[in-house]
Every structure is written in C-alpha cells, then in structure tokens.
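These notes concern the structure reproduced below.
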Amino acid sequence: MANTTTAHTHDDHDHKPHGLKRWLFATNHKDIGTMYLVFACVLFFLGGAMALVIRAELFQPGLQFVDPGFFNSMTTMHALLMIFGAVMPAWTGLANWMVPMQIGAPDMALPRLNNFSFWLLPFAFTLLLLTLFVPGGAPAGGWTLYPPLSLQAGDSFPLTIFAIHLMGISSILGAINVVVTIMNMRAPGMGLLNMPLFCWTWLITAYLLIAVMPVLAGAVTMLLTDHFFGTSFFTASGGGDPVMFQHIFWFFGHPEVYILILPAFGVVSEIIPTFSRKPLFGYESMVYASASIAFLSFIVWAHHMFTVGMPLAGQLFFMLSTMLIAVPTGVKVFNWCATMWKGSISFETPMLFSLAFLFLFTIGGLSGLMLAIVPADFQYHDSYFVVAHFHYVLVPGAVFAIMAGVYYWLPKWSGRMYNEKIGKLHFWLSTIGVNVLFFPQHFLGLAGMPRRIPDYSTQFADWNMVSSVGAFIFGFSQLLFVYVVWNAVRSGEKAPQRPWESARGLDWELPTPAPYHSWETPPSRDVVAHGTVQH
Amino acid sequence: MSRQIRHVLSSAAAALVAALAPLAAHAEWGNLNMPVGVTELSKQIYSLHMTIFWWCVAIGVFVFGWMIWSLVAFRKSKGAVADTSITHSTKAEIVWTLIPVVILVIMAIPAARTLIAIEDTRNTELSIKVTGYQWKWHYDYLGEDVKFFSALERTSDETRQLQSGLDPNAVPEYLRDVDKPLVVPEDTKVRLLLTAQDVIHAWWVPQFGMKKDAIPGVVNELWFKVDAGKTGIYRGQCAELCGRDHGFMPIVVKVVTKEEYKAWVAAQQTDGANEAAPAVNAAPTVASIATAAPQG
C-alpha cells in the first residue's frame, strides 16, 4: 500500500501541457473525463431550460408564451439534448475517470481515439443547436423522428441527421475504447469477475452501444435519402412503410434505454455497499442480471409501438418478453435491499441520491410493468402516464445516479471534500422537486391527457400547474449542484486518502487526489486482492 | 447561511400557497385514474389496469417496507454493526427470481384473454372509415353515403391562439369540442378502419378503452360496442404527434339510440350536409384514400 502511494506521487511530476492545449490535445483519461462531465453539465442545463419552457407553457390552459410549432421543437430538442448530450456523455465521462482507476490501468487503451470521440460532441451539438435559427425552426417531429412527420421538417433536417451521425460515431468510439481497455488493461489478478460492478455494467453498455448505434445511423440515413434522393423506404405512396421506421428505430431505442440506465446500476452497486459497510449482496447474480437485461433489451422493442396494429402473435410475444425484464430487474432491486440488510448505514449525500434512486427507479419500474400489459397500454400509450414513467427512470434513475457518482468520487478526483450541508440541501430539493414534477403526470395520463401537446382542456389544469411548480423547484435547485462542485474544487477541505472508510475497489487504493496517470505500474497482487469488491 | 435559505424557502412556500389558493374553486383534483368507460372492452381493460396496479402496490409495499425497515433498523448512528458475512444466498436469489415469474404468469393470462377479444373484429354491424389529416378527422360511413370532416370547434380555436387574451375557462369543453361529431348507435359493434392522408395520427377516446394509430398506407382496425343505455357524448383527441396543431384535433363521439341513429343517417343523406362544413379545405377524393393498401 505504502509503496504504491509513494510510487504514484512521483508520477504526478510528469509534465502535462498547460492552457488550452491541455484540453484541445488531451489524451489523459482524467482530462477527457472532466471535459465529458463539464460538457454533459452544460447540455443538462440547456436541455433543462427547454424543459422549463415546456412546463411554463403548460402551467395553465391557453397559449401564453410560445407557438405550438416552437413548443414541438422544444420537446424534440429537450429529448435529444438530454439523452445524447447530457446523460450519455456524463456516463462516458465517468467511465473515462473510473475504468482505468478501477481495473489498475494507467489510462484508457486508445487515448487519441478518446480525444476524437470527445471533440466530435461539441461540433455535433453546435449543429443541432444551430437548427433553432434556420428557416423552419428546429426539428419538431419528436426525438423519435417518425416519418412522414419528420420529413416535413425545414432546413433543420439535414443538420439534425448529420448531428445524430456525429453523436453516434462519438458513442461507438467511446464504447470501443471502454471494451478494449477492460479486455486488455486489467492489472494482474484482476479477473473479469473481480471488477467493480461499474466496470461490468459499462462493459455491457459498451457492447450495446456498438450493436445499436449503427442501427440508428442506418435509420436516419434512410430518412435522409427519402427526403433528398427520391427513395421511399418509409413513404407509403412509393411502396414504403412508415411502420418499418418505427421497428428499426426502436430496435435501437430500447437498448438505448439500458445504455442510459445500466451504468447507473453500476454506480449504485458501488455506493450502497460503501455506506452500508457491507459487501454487495450477490455480486455474481448482479453481473448475470445486467447481462440478461441487456440481452432482453434486443427482443422487446415493439412494446414502444403496440398501437401501430401488429398481429396478435406479435403483441403477445412483445408483452411476454417485456414482462420478463421485470425478473432480472427485480433481482437487482432485491440484492440492493439485501445489501443494506444488517448493515451499518449512514446517510452522506452519495448514499442519499442512491437511496432516492432505489425508491424512485422502482416506481418507474413498476409503472413499466403496467405499460407491458398490452390491453392497458392501449390506454396508457402516448399519454402523460408514459411521460411520467420514463422520466421516473431517467431523472431520479439515471441523473440521480450520475450525481451520486460525482458526489462519491469527487473527493478522490479533486482531493477535496464537498460541503455536506449544501449537498444534502441539493438532495432534498431535487427529490421533492422531482416528485412534485413527475408524480402528478401519472394522474394526467390516466385521465386522458396525451403527451406532446402545447395546450390542454381545463380538466387537466390543476395537476399541470402542480407539475410545473415541481419543474421549477427541481430545475433551479440544480444550480446548487454546480455550486457545491465548484466550491469543493476551489476551496473544499482536504480529503483523506480514503474519504469513505469502507469503500472498496482499486480506485480507493490510489492516493488522494488521484495521480495524473492512475496506475503507471500495475498494482501488486496484494493490492488487487485488497481492493477487490468481494474483499 | 442556513437561516437565509430557510427564509427564502418559507417565503417561496407562502407564495406558492397564495398562487394555488384560487384553484380550489374549480378543482378537478379527483381526476386521478383511468375511466372505467362505457364499452365491454373498456371495462375489461380497466379491470386489468387495476389488477396490475394492485400487484404493483403489493410489490411496492414489500420492497419499500424492506428498504425502510433496513434504513431505520440498521443505522450507524444508532450503533448498528454490519454483518459482513452476508454476501450471497443462492436460495434467496432463486426465491426472488421465481416469485416474480409466478406473478407475471398470473398477470399474463387475463391480459392475453382481453387482447384476443380486442383483436376479434368479426360480426361488426357498422363500419366507419376514419382518416386522419393535419389537423382534423374525416369520417366515412361505409355503404351509407355519409361522410364529413370533423375539426376543432370555432370558439376553442380562437381562444387557443397564442396570446389570444381569451379565457379558456370561459369556453365550454375547451379544446374538446368539434364542429360535427361522429354519431354511432348504442349496443352496436362498430368497427373503425383507420388510415391517414399525410402523417401518422392516433384515434383515442378513453371512455372506449382504446387507441390505435392512423397511418398513411395502412388500414388499422379498432372496434367498440357501447353498452345499451350509455347514450351520450364521449370525448378524446389525437394521441400521436402529428405536427404543429397536434394538440388541436379533438374527437367527439355522440352515442344515440338505434332509432335516433337511423333518423340521423336518413337526415344526412337527404339534406346533403356531407362535406359541407370544411368546404374551404378541398376534400381529397375518396379514391386517393381507398388506394391505401390494407396491412398484412
């Protein structure tokens, strides 16, 4: 232990370029990870601002602020920004930081590719955001880009498609980097089944990305040729089929859902044991459950489109396969519960966010089970019930897990502690805000309010108003998050080598702050054994 | 610092209460659940919805109970000491894999039965072709020579314009009324043949329990049979994003007795009111809609 500590303080002397060059030409996994996280944070606020435009317009019946066309652009852009700009880059940022540290590697396997995959993103999103200013406005056909509606877009159309291609390339390259790093750069003694769950879930996520991002690229390319080059893949009058797009899109789209949530399972599986002071319950079954979820994600896609008119056998198949997902997901939730059972639990901010994840993701999972029941889905489909469902799994699911991860590892990254009081305030405001925001949307959907409408009949007024109030509470309390992180990095108290006393994993065996190159010499087998999660 | 935050929070809360107070006057807070509906299928769907809901509540009580119990009983601040020997239990893991499987099978059986009933479009007594347009519906009573457009009614349309200055609360059935509703008889198996002219729309009346997409180039089927004695007006709206005015294409169905329906059809055929209302929008020819190939 002591040996590695001294060895690594030496490494910190190594020269890193200064100023702009350090970031433009970055090949260091920590610098690139930081850029990913900062980028995700910026896009989270941009996407959040769009959400607040939506909720401001929906505060009361009647159109007060925006034109219905612009409203549709807001819902479309909000989704694209949050999914591809905020959550996915945040996960890639966390993978960049944590994977080498956790498997005992000095850096990612392909550092220049890493630089390229990050720097594609600012260009992709500049293109996408520019569509707000082109004739015809930003894309307004929903992030699902269903034709024929998406083909009615104005000049934004080719820009959007090109931006999606760039995002896809960036994700694929990032995923390849994670796979190559994990497969080739684990320290001696670090078997696959010794890896922390964050590495495991990211490894599975990376395979999902490599499998499905090309499918999305293919689908949007077919849209592009339908629009400009006279093909009719999806145009009925030319012999094509608009429903085929939905099949192809959701063959990408459902694994995409797990791309957003699997790394969250990993983060929570690290934090709950640490603050329960007990090893993760059922480590291997957690790995197998993640892999089964990933497999099932390829055979459930049509549950997003039960109302398109499928044959009875198709509907039954997709209902049953979707219900099956509840089984491995249940195993995960039960294992987390069993991890806390007979533990010694304390409630620091990372743990609070993980607990909120556990409760609120479960609510989202249960409403997902309801949505799987096809006859009932004929009522739920495209209503606010669906909006409530996927926001419960994505906001207190994926986003809370990202924040939990940042609070958890920030002391190791920066060498400084965050302010626990403000962290807790951020947690409580976020948790209250998110529930006031999304819980009433279940009621709205069941009462018959469709999603993606800029105005509604007066019977929906009350719960919409509550939901909008929640949105503003949640949205503005995120400024606290930026403040806490900024404050910690600038002037936080010095963090000890092991800020959380029962944290396990090679990441915690490194000195604090983690050296610029994580493990320049691989950790000895003793350190690996001490650092493994089962220890 | 914390006192300041407390002050800000309490004044925010006070402002919130003040803002919400007038709501009590026209509250529809009770609008929490799916309507039971007025058709045989809608009632089955409602009962499936409630069954799966109560299963979810039961699972929730168990899981949240377990979590809360752990969080209360095993607090470090109360001196709890971790039992680090608990790392896995194959027995427990098999149990909590199998129990969900059993619950899912119990749920899947009635769901499949209802689904089969939903897909059974035999013996329909009345067929109506429904075509979605940006942004109105077209209804064509097959074999009756009755067809017309149905679009958002005028007062709502004026009120819903951006910054119209008009009060939506003053409009009866704001955004939920049309110039000419669909009229169907009670106690009759009505089959809708759904298609669209431009982009994808979806036809949804919650009281009938069903929605289905109207897709260009595809003919989808949906049937409903409104219970005898449930005459009245039922409302819904387009449920698939279809462009700028997606939020402004409501559906109104007027369910009448069989006699009233016959009289209504006769009146439609004689007074030539067909297609009269939206004459401004040149109606596309029936032939162009009929070219839409049936799916399958």
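So you can find residues: chains in the structure tokens are A, B, ... in the order shown, residues in each start at 1, and ligands are numbered from 1 in order.
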key: Residue contacts of segment 166-168 of chain B (8 Å, only C-alpha atoms) excluding same-chain residues fewer than 5 positions away, as an MDAnalysis selection string   = (chainID A and resid 61:62 457:458) or (chainID B and resid 156 159:160 174)
- Could you give me the residues within segment 241-286 of chain A that DSSP places in helix (DSSP H, G or I), as a VMD selection string? chain A and resid 242 to 276 283 to 286
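Candidate residues B:Pro185, B:Gly65, B:Gly232, B:Pro35 were compared for distance to chain A, and the nearest is B:Pro35, using only C-alpha atoms.
With distances taken over only C-alpha atoms, B:Ala80 is the one residue among B:Ala202, B:Ala80, B:Val36, B:Ile59 lying closest to chain A.
Using only C-alpha atoms, the shortest contact distance between Thr181 of chain A and any of A:His29, A:Arg416, A:Lys16, A:Arg451 is found at A:His29.
Of note, atom CA of Ile200 of chain B and atom CA of Tyr384 of chain A are spaced 18.8 Å apart.
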Env of segment 125-132 of chain A: 7 Å cut, atoms = only C-alpha atoms, seq-sep filter 4 positions within chain, self excluded. Answer as a PyMOL selection string. chain A and resi 121+137-138+156+159-160+163
Would you pick out the contacts of Leu193 of chain A at 12 Å or less, using only C-alpha atoms, so that residues sharing its chain but fewer than 3 positions from it are not included, and give the list as a short mmCIF file (atom, residue, chain, number, x, y, z; two decimals) with all heavy atoms, in the first residue's frame?
data_model
loop_
_atom_site.label_atom_id
_atom_site.label_comp_id
_atom_site.auth_asym_id
_atom_site.auth_seq_id
_atom_site.Cartn_x
_atom_site.Cartn_y
_atom_site.Cartn_z
N ILE A 103 -9.59 -0.73 -12.68
CA ILE A 103 -9.01 -2.00 -13.12
C ILE A 103 -7.50 -2.01 -12.99
O ILE A 103 -6.84 -2.98 -13.35
CB ILE A 103 -9.41 -2.34 -14.58
CG1 ILE A 103 -8.86 -1.29 -15.55
CG2 ILE A 103 -10.92 -2.48 -14.72
CD1 ILE A 103 -9.04 -1.68 -17.00
N ILE A 182 -10.97 -2.50 -20.90
CA ILE A 182 -11.32 -3.51 -19.89
C ILE A 182 -10.77 -4.87 -20.29
O ILE A 182 -10.28 -5.64 -19.46
CB ILE A 182 -12.85 -3.56 -19.69
CG1 ILE A 182 -13.31 -2.29 -18.98
CG2 ILE A 182 -13.25 -4.80 -18.90
CD1 ILE A 182 -14.79 -2.21 -18.73
N ARG A 186 -6.52 -4.82 -17.63
CA ARG A 186 -6.74 -5.12 -16.22
C ARG A 186 -5.41 -5.53 -15.57
O ARG A 186 -4.60 -6.22 -16.19
CB ARG A 186 -7.77 -6.23 -16.07
CG ARG A 186 -9.15 -5.84 -16.53
CD ARG A 186 -10.19 -6.87 -16.12
NE ARG A 186 -9.76 -8.23 -16.38
CZ ARG A 186 -9.88 -8.85 -17.54
NH1 ARG A 186 -10.39 -8.21 -18.57
NH2 ARG A 186 -9.46 -10.09 -17.70
N GLY A 189 -4.24 -10.34 -11.80
CA GLY A 189 -5.04 -10.72 -10.64
C GLY A 189 -6.43 -10.14 -10.67
O GLY A 189 -7.30 -10.55 -9.91
N MET A 190 -6.65 -9.18 -11.57
CA MET A 190 -7.98 -8.56 -11.67
C MET A 190 -8.76 -9.33 -12.75
O MET A 190 -8.73 -8.98 -13.93
CB MET A 190 -7.84 -7.08 -12.01
CG MET A 190 -9.12 -6.32 -12.33
SD MET A 190 -10.29 -6.19 -10.99
CE MET A 190 -9.55 -4.93 -9.95
N PRO A 196 -15.16 -4.13 -10.23
CA PRO A 196 -16.31 -3.45 -9.62
C PRO A 196 -17.48 -3.46 -10.61
O PRO A 196 -17.26 -3.49 -11.83
CB PRO A 196 -15.81 -2.03 -9.40
CG PRO A 196 -14.33 -2.12 -9.39
CD PRO A 196 -13.98 -3.27 -10.28
N LEU A 197 -18.70 -3.40 -10.08
CA LEU A 197 -19.87 -3.50 -10.96
C LEU A 197 -19.97 -2.35 -11.95
O LEU A 197 -20.53 -2.50 -13.01
CB LEU A 197 -21.14 -3.59 -10.13
CG LEU A 197 -21.63 -5.02 -9.95
CD1 LEU A 197 -22.91 -5.03 -9.17
CD2 LEU A 197 -21.85 -5.73 -11.28
N PHE A 198 -19.39 -1.19 -11.59
CA PHE A 198 -19.45 -0.07 -12.54
C PHE A 198 -18.74 -0.46 -13.84
O PHE A 198 -19.23 -0.18 -14.93
CB PHE A 198 -18.83 1.19 -11.95
CG PHE A 198 -18.86 2.37 -12.89
CD1 PHE A 198 -20.07 2.95 -13.24
CD2 PHE A 198 -17.70 2.88 -13.44
CE1 PHE A 198 -20.12 4.02 -14.13
CE2 PHE A 198 -17.73 3.95 -14.32
CZ PHE A 198 -18.94 4.52 -14.67
N CYS A 199 -17.58 -1.15 -13.73
CA CYS A 199 -16.87 -1.59 -14.93
C CYS A 199 -17.71 -2.63 -15.67
O CYS A 199 -17.79 -2.62 -16.90
CB CYS A 199 -15.52 -2.19 -14.57
SG CYS A 199 -14.36 -0.96 -13.99
N TRP A 200 -18.33 -3.52 -14.91
CA TRP A 200 -19.15 -4.56 -15.54
C TRP A 200 -20.32 -3.97 -16.32
O TRP A 200 -20.54 -4.31 -17.47
CB TRP A 200 -19.70 -5.53 -14.49
CG TRP A 200 -18.99 -6.84 -14.56
CD1 TRP A 200 -18.20 -7.39 -13.59
CD2 TRP A 200 -19.01 -7.78 -15.64
NE1 TRP A 200 -17.72 -8.59 -14.01
CE2 TRP A 200 -18.19 -8.86 -15.27
CE3 TRP A 200 -19.60 -7.80 -16.90
CZ2 TRP A 200 -17.98 -9.95 -16.10
CZ3 TRP A 200 -19.40 -8.89 -17.73
CH2 TRP A 200 -18.60 -9.95 -17.32
N THR A 201 -21.06 -3.09 -15.65
CA THR A 201 -22.23 -2.55 -16.34
C THR A 201 -21.80 -1.70 -17.54
O THR A 201 -22.45 -1.69 -18.56
CB THR A 201 -23.11 -1.72 -15.39
OG1 THR A 201 -22.30 -0.75 -14.75
CG2 THR A 201 -23.77 -2.59 -14.35
N TYR A 283 -22.95 -10.52 -5.77
CA TYR A 283 -22.18 -9.88 -6.84
C TYR A 283 -22.39 -10.57 -8.18
O TYR A 283 -22.70 -9.92 -9.19
CB TYR A 283 -20.69 -9.89 -6.46
CG TYR A 283 -19.75 -9.46 -7.56
CD1 TYR A 283 -19.44 -8.11 -7.75
CD2 TYR A 283 -19.18 -10.40 -8.43
CE1 TYR A 283 -18.60 -7.71 -8.77
CE2 TYR A 283 -18.34 -10.00 -9.45
CZ TYR A 283 -18.05 -8.67 -9.61
OH TYR A 283 -17.20 -8.28 -10.63
N GLU A 284 -22.22 -11.90 -8.20
CA GLU A 284 -22.30 -12.59 -9.50
C GLU A 284 -23.69 -12.50 -10.10
O GLU A 284 -23.84 -12.31 -11.30
CB GLU A 284 -21.86 -14.05 -9.36
CG GLU A 284 -20.35 -14.15 -9.22
CD GLU A 284 -19.83 -15.57 -9.31
OE1 GLU A 284 -20.51 -16.40 -9.95
OE2 GLU A 284 -18.77 -15.83 -8.73
N SER A 285 -24.71 -12.64 -9.26
CA SER A 285 -26.06 -12.57 -9.83
C SER A 285 -26.35 -11.15 -10.35
O SER A 285 -27.12 -10.97 -11.28
CB SER A 285 -27.12 -13.03 -8.83
OG SER A 285 -27.18 -12.13 -7.76
N MET A 286 -25.69 -10.14 -9.76
CA MET A 286 -25.82 -8.77 -10.29
C MET A 286 -25.26 -8.71 -11.71
O MET A 286 -25.84 -8.10 -12.60
CB MET A 286 -25.05 -7.78 -9.41
CG MET A 286 -25.69 -7.48 -8.09
SD MET A 286 -27.35 -6.85 -8.27
CE MET A 286 -27.26 -5.39 -7.28
N VAL A 287 -24.10 -9.34 -11.90
CA VAL A 287 -23.48 -9.34 -13.24
C VAL A 287 -24.40 -10.06 -14.22
O VAL A 287 -24.70 -9.56 -15.31
CB VAL A 287 -22.10 -10.02 -13.20
CG1 VAL A 287 -21.55 -10.19 -14.62
CG2 VAL A 287 -21.15 -9.21 -12.34
N TYR A 288 -24.87 -11.25 -13.82
CA TYR A 288 -25.72 -12.02 -14.73
C TYR A 288 -27.03 -11.29 -15.00
O TYR A 288 -27.53 -11.30 -16.13
CB TYR A 288 -25.98 -13.43 -14.20
CG TYR A 288 -24.71 -14.21 -13.97
CD1 TYR A 288 -24.54 -15.05 -12.87
CD2 TYR A 288 -23.64 -14.09 -14.87
CE1 TYR A 288 -23.36 -15.74 -12.67
CE2 TYR A 288 -22.46 -14.77 -14.67
CZ TYR A 288 -22.31 -15.61 -13.56
OH TYR A 288 -21.14 -16.27 -13.37
N THR A 532 -10.28 -5.67 -4.28
CA THR A 532 -11.45 -6.21 -4.99
C THR A 532 -12.71 -6.02 -4.17
O THR A 532 -12.67 -5.96 -2.95
CB THR A 532 -11.29 -7.71 -5.31
OG1 THR A 532 -11.00 -8.38 -4.11
CG2 THR A 532 -10.24 -7.93 -6.36
N VAL A 533 -13.79 -5.96 -4.91
CA VAL A 533 -15.06 -5.63 -4.27
C VAL A 533 -15.53 -6.69 -3.30
O VAL A 533 -16.25 -6.41 -2.36
CB VAL A 533 -16.14 -5.37 -5.33
CG1 VAL A 533 -16.06 -3.95 -5.79
CG2 VAL A 533 -16.03 -6.33 -6.48
N GLN A 534 -15.09 -7.96 -3.54
CA GLN A 534 -15.59 -9.02 -2.65
C GLN A 534 -14.87 -9.03 -1.33
O GLN A 534 -15.26 -9.71 -0.41
CB GLN A 534 -15.44 -10.41 -3.30
CG GLN A 534 -16.31 -10.61 -4.50
CD GLN A 534 -15.48 -10.44 -5.75
OE1 GLN A 534 -14.60 -9.59 -5.81
NE2 GLN A 534 -15.76 -11.24 -6.76
#
